[in-house]
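> One structure, pasted below without further comment.
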Number of protein chains: 2
Amino acid sequence: MSEPRPPVTLSSELLEALRAILGSDGVLADPDAVEQVTRTCLPDRQLPSAVVYPKNAAEVQAVVRAAARAGVPVWPVSTGRNWGYGERNACYEAGITMLLERMGRIWHVDEQLGYAVVEPGVSYKQLNDHLKRSGSRLWADCAGSTQHASVLGNALDKGRGLTPMADHYGALCGMDVVLADGTLLETGGGPAGHNTVRHTYKWGVGPYLDGLFVQSNLGIVVKAGVWLMPAPEVFDFAAFEYKASPDRLGAFIDDLRELVMSRAIRAHPHLANDFAMMCILSQYPHEMLEGRRHLTDDAAARWRVQHGVARWTFGCGLYGSREEVRYQKRMIRKVLGRYGMVQFIGAAIRDDWFGRLVRYVAPIANRLLGKSPEFTDVMVPAINLFRGIPTDEFVRQAYFKSHKEKPSTDIDPARDGCGFVWIGPVVPFTSEHVMKALALSRLVFEKYEFDFFVEVIVESPRSVIVLVGVFYDQKDAVDSARARDWYHEARDTYIAAGYPPYRATTMSMPDAMDTNLPAKALLAQLKAALDPQNLIAPGRYGTPPR
Amino acid sequence: MSEPRPPVTLSSELLEALRAILGSDGVLADPDAVEQVTRTCLPDRQLPSAVVYPKNAAEVQAVVRAAARAGVPVWPVSTGRNWGYGERNACYEAGITMLLERMGRIWHVDEQLGYAVVEPGVSYKQLNDHLKRSGSRLWADCAGSTQHASVLGNALDKGRGLTPMADHYGALCGMDVVLADGTLLETGGGPAGHNTVRHTYKWGVGPYLDGLFVQSNLGIVVKAGVWLMPAPEVFDFAAFEYKASPDRLGAFIDDLRELVMSRAIRAHPHLANDFAMMCILSQYPHEMLEGRRHLTDDAAARWRVQHGVARWTFGCGLYGSREEVRYQKRMIRKVLGRYGMVQFIGAAIRDDWFGRLVRYVAPIANRLLGKSPEFTDVMVPAINLFRGIPTDEFVRQAYFKSHKEKPSTDIDPARDGCGFVWIGPVVPFTSEHVMKALALSRLVFEKYEFDFFVEVIVESPRSVIVLVGVFYDQKDAVDSARARDWYHEARDTYIAAGYPPYRATTMSMPDAMDTNLPAKALLAQLKAALDPQNLIAPGRYGTPPR
């Protein structure tokens, strides 16, 4: 990683104003402290001058107004745990980073209508704990990464989960937004202040404005409604391993789409390749490199077989009435059975004798199947993710190459210097496109000599996200450059093939709209109209840079 | 209805320019012809100076540029068959009305991924015929009104259908939009021109811009993707009549919500009151008025009983695998059975001997149940609506008070002088709110002495639309004024109670954002940025008037 330059300091007048608004513990301007809280997993980094911590909407408004008077840009971040996408980094040097993690209020949970109203500091864990403690019938979806990620932050970056409510942005309904002039906007069209359907009816009156504030810098979302799902009558879980020959993968992809299209699969599983599974189950076998930068196909195969990992694996929740789940099982068994092994192991999370039995038998069964003990360790957390119960179990993979072992608590890969970067092109859910996207990906990995990590994420019946990522050594400038070059070439490759990445990292934000100039011009017009000083997160998602 | 003023004529220079772009048959400037094609069912009317008919996006762009040079506003309309909402009427006098009905191209149907790409002139009938003719596995949803309505026009006005794909705007994905400066925008973020997922992935890259163009005047949508559903393995249909006492209606509403929340009901049924059913089944019994303006409760009850109509009625499609439909039937029978009569009559649309048998038995059964023969007439069209097969059977109700009988073909209530107006507040799907909205509605109907017409439309598990409407005599100025006053008071009442109407008519558009001033200000800023001449549909949905 390139050495960060020392931060530009803010004027004492602005710092005073910020401290007057937020209290002195709400403003971080000490360069070492700023450096520490804004660490990133990416190979590029740009430091802010200060980090501020508003506690409510009024403080956000006041900070925006103070920053406007001083002409200093504000980069808002919910909790900044989007590791490998940009975390708390702006796409420019200096300025104020606004961290919303202290806005942690759950305003309301509506049991009948199935939604919560939350602030950007509310994490998956907090929302889930709240629902469980209150005996709610509702499940909140969560991301597969960390339990401490922001519910709103993830949704506003179009992040994804695993349950039927995996479309996090799609589940948002009705926002409070602080605009660049400090105004507080209530979306939904009205009547403002007493719109009874602002969190139940998504499209509102007139143009649908919520969309302006996703992957955006046109305002700061300080509160939003999030739709939740009632716990189904029956929950189960299918574990699938692809055992067929690689040349049948295309047919498998088409069959998988039909399962999703016909709602035999309502979850949004991640089809992980062998290397993606190994990151979770093991540490990197540096000893197998034999002087190379990545494992040969032979070495990777040996390593995979040692741990009993299939070429492709996924888990998948089943949801519904008993008749519906019977249908889902029938179809999953029939269709996926053609390509590999399906096991229904949802009982492993049950509190009764049967659940205990399954948990007792699982390690024995895994041993018989030639699987390493770690398979058993991740079983319950994996199933729970499909019930919206968040975990830090899987994000521990961030440590699998840079560290000797994965920490068991206090996971923070950015702080701990784990280097990795993600990119996830959206691809039509057909064999033709998915196989092409996989082949293109593999070429870029080979060119830059990284191990091929991929998860095919079911976005909908119509699209998948082909999520790829590389792990690199942050302390090694050459390796960092290799990761950076890999990222940019992968991105160019996908865009040239017509597969836009579903999220930008801060490394690609300034170019995000370069392949759609009318959209770029329109965004610039919107930005100039709503934020003429270019104050909020300049440059985010292809809007004009600072 | 107030007599329309004679239209302001356009300059001969502009007319020449329009004829050069569109050909002489693409420009209608003769006052009589303009009057005829822009008739409305509403009590307020404002005539344009000319109607133009572009055939493709390039012609739309050229018209917008010509109108900009002349400083004349353009009111775009897809096909303008939104009878009772505004049709082809602008909310100002004069200007150009742009009717897109000649843009009737179906660009593409993707069988695997389940979507079509259509122009604004494509009607439900055209799309459905296209799918049936090509042997497609896909069903398109349709509105319950006319088969000749525009698929895109209805979606862009947030119209609704009846199948699981009833959320027409929600089913749009990826638009081509002509902006006020004549630019053609491709939404989705990019890569423009070869974005493979623009019709499969809804949220795109960066801010989600499609939302800017719904119930909007920020651009003219000239093409869009529409998601379609694959025909389910099993289809059935439940006909329900509410027979319980009126004081259990609240409990019924809550139970109905739970059926929708648990996906035992996937369709979006319309719960119609007795009067709404009678409009379909009969003509208005003027002879029962006895000098009053609306029927007494007694008269209405006698009339209802004559025809065997329940207080509340709905039909509802069932969809899925055989296990799923079994579940749906079990739940519908169990829950709705508490409140009335449920009959599963989906077989009536089958082509086999059983279908013929059901159709043969239906009139006999209806007679035994004390129902009028018209019940049998509407059975098949009603079931077909839940398979997305459009019909003009139900929109014929428009003629039920103003005419002696309903025409059987060539339905055009605006042309034929039928006076009616709709308003549909969105209401949280709880007994408390729905009962309150019904009670408020009834008061306004009583004050203005109209018969109470209401349909409770299932919007989602979280909201319903309480659709109400009145029929009045267009030729009678007093009756027209009564309808106008009814509309404005109903609207004020709903907004005061926190229930925003899901659509505005041209009569209320200028005030559409008056109860949310920050949203109104934001929209004005957006409009000024994208359309500084205020050229496209000025005043639509609360943006600044001409």
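Identifiers for the structure tokens are assigned positionally: chains receive A, B, ... in sequence, residues are indexed from 1 per chain, and ligands are indexed from 1 in the order shown.
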Write out as a PyMOL selection string all residues of range 56-150 of chain B that backbone DSSP assigns to strand (DSSP E or B).

chain B and resi 74-77+96-99+106-110+115-118+123+138-139+143+150

> Could you list, as a VMD selection string, every residue within 10 Å of Asp485 in chain A, counting only C-alpha atoms and ignoring same-chain residues fewer than 6 positions away?

chain A and resid 43 444 448 479 491

> I'd like the contact shell of Pro191 in chain B - 8 Å cut-off, only C-alpha atoms, skipping same-chain residues fewer than 6 positions apart - returned as a list in words.

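Close residues of Pro191 in chain B: Ile495, Ala496, Gly498, Tyr499, Pro500, Thr515 and Asn516 of chain A.
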
> With distances taken over only C-alpha atoms, which residue among B:Val309, B:Ile280, B:Leu42, B:Ala300 lies nearest Gly417 in chain B?

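Ranked by minimum distance to Gly417 in chain B, first place goes to B:Leu42.
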
> Determine, counting only C-alpha atoms, which protein, DNA and RNA residues have an atom within 7 Å of an atom of Gly189 in chain B; residues of the same chain fewer than 6 positions away are not included. Present the result as number ranges by chain.

A: 513, 516, 519; B: 204-206

> Which residues come within 10 Å of Met435 in chain A, counting only C-alpha atoms, excluding same-chain residues fewer than 5 positions away, as a ChimeraX atom specification?

/A:249-250,253,427,430,440-441

> If we count only C-alpha atoms and set the cut-off at 7 Å, which residues sit around range 231-239 of chain A, ignoring sequence neighbours fewer than 6 positions away in its own chain? Please answer as a list in words.

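Non-adjacent residues within range: Arg137, Leu138, Trp139, Phe314, Gly315, Cys316, Gly317, Leu318, Tyr319, Gly320, Ser321, Arg322, Val325, Val342, Gln343, Phe344, Ile345, Gly346, Ala347 and Ile383 of chain A.
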
> I need the chosen residues saved as a short mmCIF file (atom, residue, chain, number, x, y, z; two decimals), in the first residue's frame, with N, CA and C atoms.


data_model
loop_
_atom_site.label_atom_id
_atom_site.label_comp_id
_atom_site.auth_asym_id
_atom_site.auth_seq_id
_atom_site.Cartn_x
_atom_site.Cartn_y
_atom_site.Cartn_z
N ARG A 137 -42.27 -11.73 15.67
CA ARG A 137 -42.43 -12.80 14.68
C ARG A 137 -41.62 -12.52 13.43
N LEU A 138 -40.90 -11.39 13.41
CA LEU A 138 -40.25 -10.93 12.19
C LEU A 138 -38.77 -11.29 12.13
N TRP A 139 -38.32 -11.57 10.91
CA TRP A 139 -36.90 -11.80 10.65
C TRP A 139 -36.36 -10.63 9.83
N PHE A 314 -22.99 -24.73 -2.34
CA PHE A 314 -23.81 -23.67 -1.75
C PHE A 314 -24.75 -24.20 -0.70
N GLY A 315 -25.20 -23.28 0.15
CA GLY A 315 -26.26 -23.55 1.10
C GLY A 315 -27.46 -22.70 0.73
N CYS A 316 -28.63 -23.13 1.13
CA CYS A 316 -29.84 -22.48 0.65
C CYS A 316 -30.98 -22.69 1.64
N GLY A 317 -31.54 -21.63 2.17
CA GLY A 317 -32.69 -21.75 3.06
C GLY A 317 -33.95 -22.12 2.30
N LEU A 318 -34.84 -22.84 2.98
CA LEU A 318 -36.17 -23.16 2.44
C LEU A 318 -37.19 -22.51 3.38
N TYR A 319 -38.26 -21.98 2.81
CA TYR A 319 -39.18 -21.16 3.59
C TYR A 319 -40.60 -21.40 3.14
N GLY A 320 -41.54 -21.45 4.08
CA GLY A 320 -42.95 -21.46 3.70
C GLY A 320 -43.79 -22.34 4.60
N SER A 321 -44.97 -22.62 4.10
CA SER A 321 -45.85 -23.58 4.78
C SER A 321 -45.28 -24.98 4.57
N ARG A 322 -45.85 -25.98 5.23
CA ARG A 322 -45.31 -27.32 5.06
C ARG A 322 -45.47 -27.81 3.62
N VAL A 325 -42.72 -26.01 1.48
CA VAL A 325 -41.36 -26.54 1.69
C VAL A 325 -41.26 -27.95 1.11
N VAL A 342 -27.18 -33.35 -2.37
CA VAL A 342 -28.03 -32.43 -1.63
C VAL A 342 -28.32 -33.03 -0.26
N GLN A 343 -28.11 -32.26 0.79
CA GLN A 343 -28.49 -32.72 2.14
C GLN A 343 -29.39 -31.67 2.78
N PHE A 344 -30.49 -32.10 3.36
CA PHE A 344 -31.38 -31.17 4.06
C PHE A 344 -31.03 -31.21 5.55
N ILE A 345 -30.38 -30.18 6.03
CA ILE A 345 -29.83 -30.21 7.39
C ILE A 345 -30.33 -29.04 8.24
N GLY A 346 -31.49 -28.51 7.87
CA GLY A 346 -32.03 -27.39 8.63
C GLY A 346 -32.27 -27.72 10.10
N ALA A 347 -32.49 -28.99 10.39
CA ALA A 347 -32.76 -29.39 11.77
C ALA A 347 -31.59 -29.07 12.70
N ILE A 383 -26.33 -21.88 8.37
CA ILE A 383 -27.79 -22.04 8.34
C ILE A 383 -28.46 -20.80 8.92
#

> Can you pull out every residue within 8 Å of Arg39 in chain B, counting only C-alpha atoms, but drop anything in the same chain fewer than 2 positions away, and send it as a PyMOL selection string?

chain B and resi 35-37+41+45+87-89+414-415+417

> Just N, CA, C and O atoms for this one: save the residues we selected as a PDB file, in the first residue's frame.


ATOM      1  N   GLU B  35     -60.613  18.412 -30.288  1.00  0.00           N
ATOM      2  CA  GLU B  35     -61.649  18.275 -29.249  1.00  0.00           C
ATOM      3  C   GLU B  35     -62.047  16.822 -29.111  1.00  0.00           C
ATOM      4  O   GLU B  35     -62.159  16.292 -27.999  1.00  0.00           O
ATOM      5  N   GLN B  36     -62.218  16.149 -30.241  1.00  0.00           N
ATOM      6  CA  GLN B  36     -62.731  14.787 -30.160  1.00  0.00           C
ATOM      7  C   GLN B  36     -61.733  13.809 -29.527  1.00  0.00           C
ATOM      8  O   GLN B  36     -62.117  12.983 -28.697  1.00  0.00           O
ATOM      9  N   VAL B  37     -60.453  13.901 -29.887  1.00  0.00           N
ATOM     10  CA  VAL B  37     -59.508  12.911 -29.348  1.00  0.00           C
ATOM     11  C   VAL B  37     -59.087  13.215 -27.912  1.00  0.00           C
ATOM     12  O   VAL B  37     -58.454  12.383 -27.287  1.00  0.00           O
ATOM     13  N   CYS B  41     -63.400  11.994 -19.112  1.00  0.00           N
ATOM     14  CA  CYS B  41     -64.505  11.625 -18.222  1.00  0.00           C
ATOM     15  C   CYS B  41     -64.578  12.552 -17.015  1.00  0.00           C
ATOM     16  O   CYS B  41     -65.515  12.472 -16.221  1.00  0.00           O
ATOM     17  N   ARG B  45     -61.817  20.246 -17.871  1.00  0.00           N
ATOM     18  CA  ARG B  45     -61.181  19.944 -19.149  1.00  0.00           C
ATOM     19  C   ARG B  45     -60.407  21.141 -19.643  1.00  0.00           C
ATOM     20  O   ARG B  45     -60.832  22.278 -19.478  1.00  0.00           O
ATOM     21  N   GLU B  87     -56.913  11.057 -18.755  1.00  0.00           N
ATOM     22  CA  GLU B  87     -56.830  10.740 -20.180  1.00  0.00           C
ATOM     23  C   GLU B  87     -55.766  11.580 -20.893  1.00  0.00           C
ATOM     24  O   GLU B  87     -54.637  11.600 -20.452  1.00  0.00           O
ATOM     25  N   ARG B  88     -56.191  12.339 -21.926  1.00  0.00           N
ATOM     26  CA  ARG B  88     -55.214  13.073 -22.744  1.00  0.00           C
ATOM     27  C   ARG B  88     -55.189  14.549 -22.375  1.00  0.00           C
ATOM     28  O   ARG B  88     -54.735  15.382 -23.152  1.00  0.00           O
ATOM     29  N   ASN B  89     -55.681  14.856 -21.161  1.00  0.00           N
ATOM     30  CA  ASN B  89     -55.777  16.257 -20.747  1.00  0.00           C
ATOM     31  C   ASN B  89     -54.545  16.721 -20.009  1.00  0.00           C
ATOM     32  O   ASN B  89     -54.063  16.037 -19.100  1.00  0.00           O
ATOM     33  N   ALA B 414     -64.703   8.118 -22.613  1.00  0.00           N
ATOM     34  CA  ALA B 414     -64.398   9.550 -22.734  1.00  0.00           C
ATOM     35  C   ALA B 414     -65.074  10.103 -23.979  1.00  0.00           C
ATOM     36  O   ALA B 414     -65.799  11.104 -23.918  1.00  0.00           O
ATOM     37  N   ARG B 415     -64.879   9.419 -25.078  1.00  0.00           N
ATOM     38  CA  ARG B 415     -65.521   9.852 -26.338  1.00  0.00           C
ATOM     39  C   ARG B 415     -67.037   9.893 -26.187  1.00  0.00           C
ATOM     40  O   ARG B 415     -67.703  10.804 -26.669  1.00  0.00           O
ATOM     41  N   GLY B 417     -68.923  10.392 -23.602  1.00  0.00           N
ATOM     42  CA  GLY B 417     -69.527  11.316 -22.646  1.00  0.00           C
ATOM     43  C   GLY B 417     -69.927  10.700 -21.309  1.00  0.00           C
ATOM     44  O   GLY B 417     -70.836  11.195 -20.649  1.00  0.00           O
TER      45      GLY B 417
END

> Could you give me the residues within range 301-354 of chain A that DSSP places in alpha helix (DSSP H), as an NGL selection string?

:A and (301-307 or 322-336 or 353-354)

> Generate a file of the selected residues that holds N, CA and C atoms, formatted as a CSV table (one decimal), in the first residue's frame.


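Result file follows (result.csv):
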chain,number,residue,atom,x,y,z
A,301,ALA,N,-6.0,-28.4,-6.4
A,301,ALA,CA,-6.9,-29.6,-6.4
A,301,ALA,C,-6.5,-30.5,-5.2
A,302,ARG,N,-5.2,-30.6,-4.9
A,302,ARG,CA,-4.7,-31.4,-3.8
A,302,ARG,C,-5.2,-30.9,-2.5
A,303,TRP,N,-5.1,-29.5,-2.4
A,303,TRP,CA,-5.5,-28.8,-1.2
A,303,TRP,C,-7.0,-29.0,-0.9
A,304,ARG,N,-7.8,-28.8,-2.0
A,304,ARG,CA,-9.2,-29.0,-1.9
A,304,ARG,C,-9.6,-30.4,-1.5
A,305,VAL,N,-8.9,-31.4,-2.1
A,305,VAL,CA,-9.3,-32.8,-1.7
A,305,VAL,C,-8.9,-33.1,-0.3
A,306,GLN,N,-7.8,-32.6,0.2
A,306,GLN,CA,-7.4,-32.7,1.6
A,306,GLN,C,-8.6,-32.4,2.6
A,307,HIS,N,-9.3,-31.3,2.2
A,307,HIS,CA,-10.3,-30.8,3.1
A,307,HIS,C,-11.7,-31.3,2.7
A,322,ARG,N,-45.8,-26.0,5.2
A,322,ARG,CA,-45.3,-27.3,5.1
A,322,ARG,C,-45.5,-27.8,3.6
A,323,GLU,N,-46.6,-27.4,3.0
A,323,GLU,CA,-46.7,-27.8,1.6
A,323,GLU,C,-45.7,-27.2,0.7
A,324,GLU,N,-45.5,-25.9,0.9
A,324,GLU,CA,-44.5,-25.2,0.1
A,324,GLU,C,-43.1,-25.7,0.3
A,325,VAL,N,-42.7,-26.0,1.5
A,325,VAL,CA,-41.4,-26.5,1.7
A,325,VAL,C,-41.3,-28.0,1.1
A,326,ARG,N,-42.4,-28.7,1.2
A,326,ARG,CA,-42.4,-30.0,0.5
A,326,ARG,C,-42.1,-29.9,-1.0
A,327,TYR,N,-42.7,-28.9,-1.6
A,327,TYR,CA,-42.5,-28.6,-3.0
A,327,TYR,C,-41.0,-28.2,-3.3
A,328,GLN,N,-40.5,-27.3,-2.4
A,328,GLN,CA,-39.1,-26.9,-2.6
A,328,GLN,C,-38.2,-28.1,-2.5
A,329,LYS,N,-38.4,-28.9,-1.5
A,329,LYS,CA,-37.5,-30.1,-1.3
A,329,LYS,C,-37.6,-31.0,-2.5
A,330,ARG,N,-38.8,-31.2,-3.0
A,330,ARG,CA,-39.0,-32.1,-4.1
A,330,ARG,C,-38.2,-31.6,-5.3
A,331,MET,N,-38.3,-30.3,-5.6
A,331,MET,CA,-37.7,-29.7,-6.8
A,331,MET,C,-36.1,-29.7,-6.6
A,332,ILE,N,-35.7,-29.3,-5.4
A,332,ILE,CA,-34.3,-29.2,-5.2
A,332,ILE,C,-33.6,-30.5,-5.3
A,333,ARG,N,-34.3,-31.5,-4.7
A,333,ARG,CA,-33.7,-32.9,-4.8
A,333,ARG,C,-33.7,-33.4,-6.2
A,334,LYS,N,-34.8,-33.1,-7.0
A,334,LYS,CA,-34.9,-33.6,-8.3
A,334,LYS,C,-33.9,-32.9,-9.2
A,335,VAL,N,-33.8,-31.6,-9.2
A,335,VAL,CA,-33.0,-30.9,-10.1
A,335,VAL,C,-31.5,-30.9,-9.7
A,336,LEU,N,-31.2,-30.5,-8.5
A,336,LEU,CA,-29.8,-30.4,-8.1
A,336,LEU,C,-29.2,-31.8,-7.9
A,353,TRP,N,-34.4,-32.3,20.8
A,353,TRP,CA,-33.5,-33.5,20.8
A,353,TRP,C,-33.0,-33.8,19.4
A,354,PHE,N,-33.9,-33.6,18.4
A,354,PHE,CA,-33.5,-33.9,17.0
A,354,PHE,C,-32.3,-33.0,16.5

> Given only C-alpha atoms as the basis, pick out the residue of A:Gly80, A:Pro413, A:Pro461, A:Pro544 nearest to chain B.

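Of the candidates, the smallest distance to chain B is held by A:Pro461.
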
> Can you work out which one of A:Met277, A:Ala180, A:Val52, A:Leu209 has the shortest atom-to-atom distance to chain B, counting only C-alpha atoms?

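Looking only at the distances to chain B, the closest residue turns out to be A:Leu209.
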
> Return the single residue from A:Pro373, A:Pro246, A:Gly190, A:Pro390 that is closest to chain B, with distances computed using only C-alpha atoms.

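Under the stated criterion, the closest residue is A:Gly190.
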
> With distances taken over only C-alpha atoms, which residue among A:Met379, A:Leu443, A:Ala33, A:Met509 lies nearest chain B?

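For chain B, the nearest of the candidates is A:Met509.
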
> State, in Å with one decimal place, the distance from CA of Asp410 in chain A to CA of Thr38 in chain A.

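It comes out at 16.7 Å.
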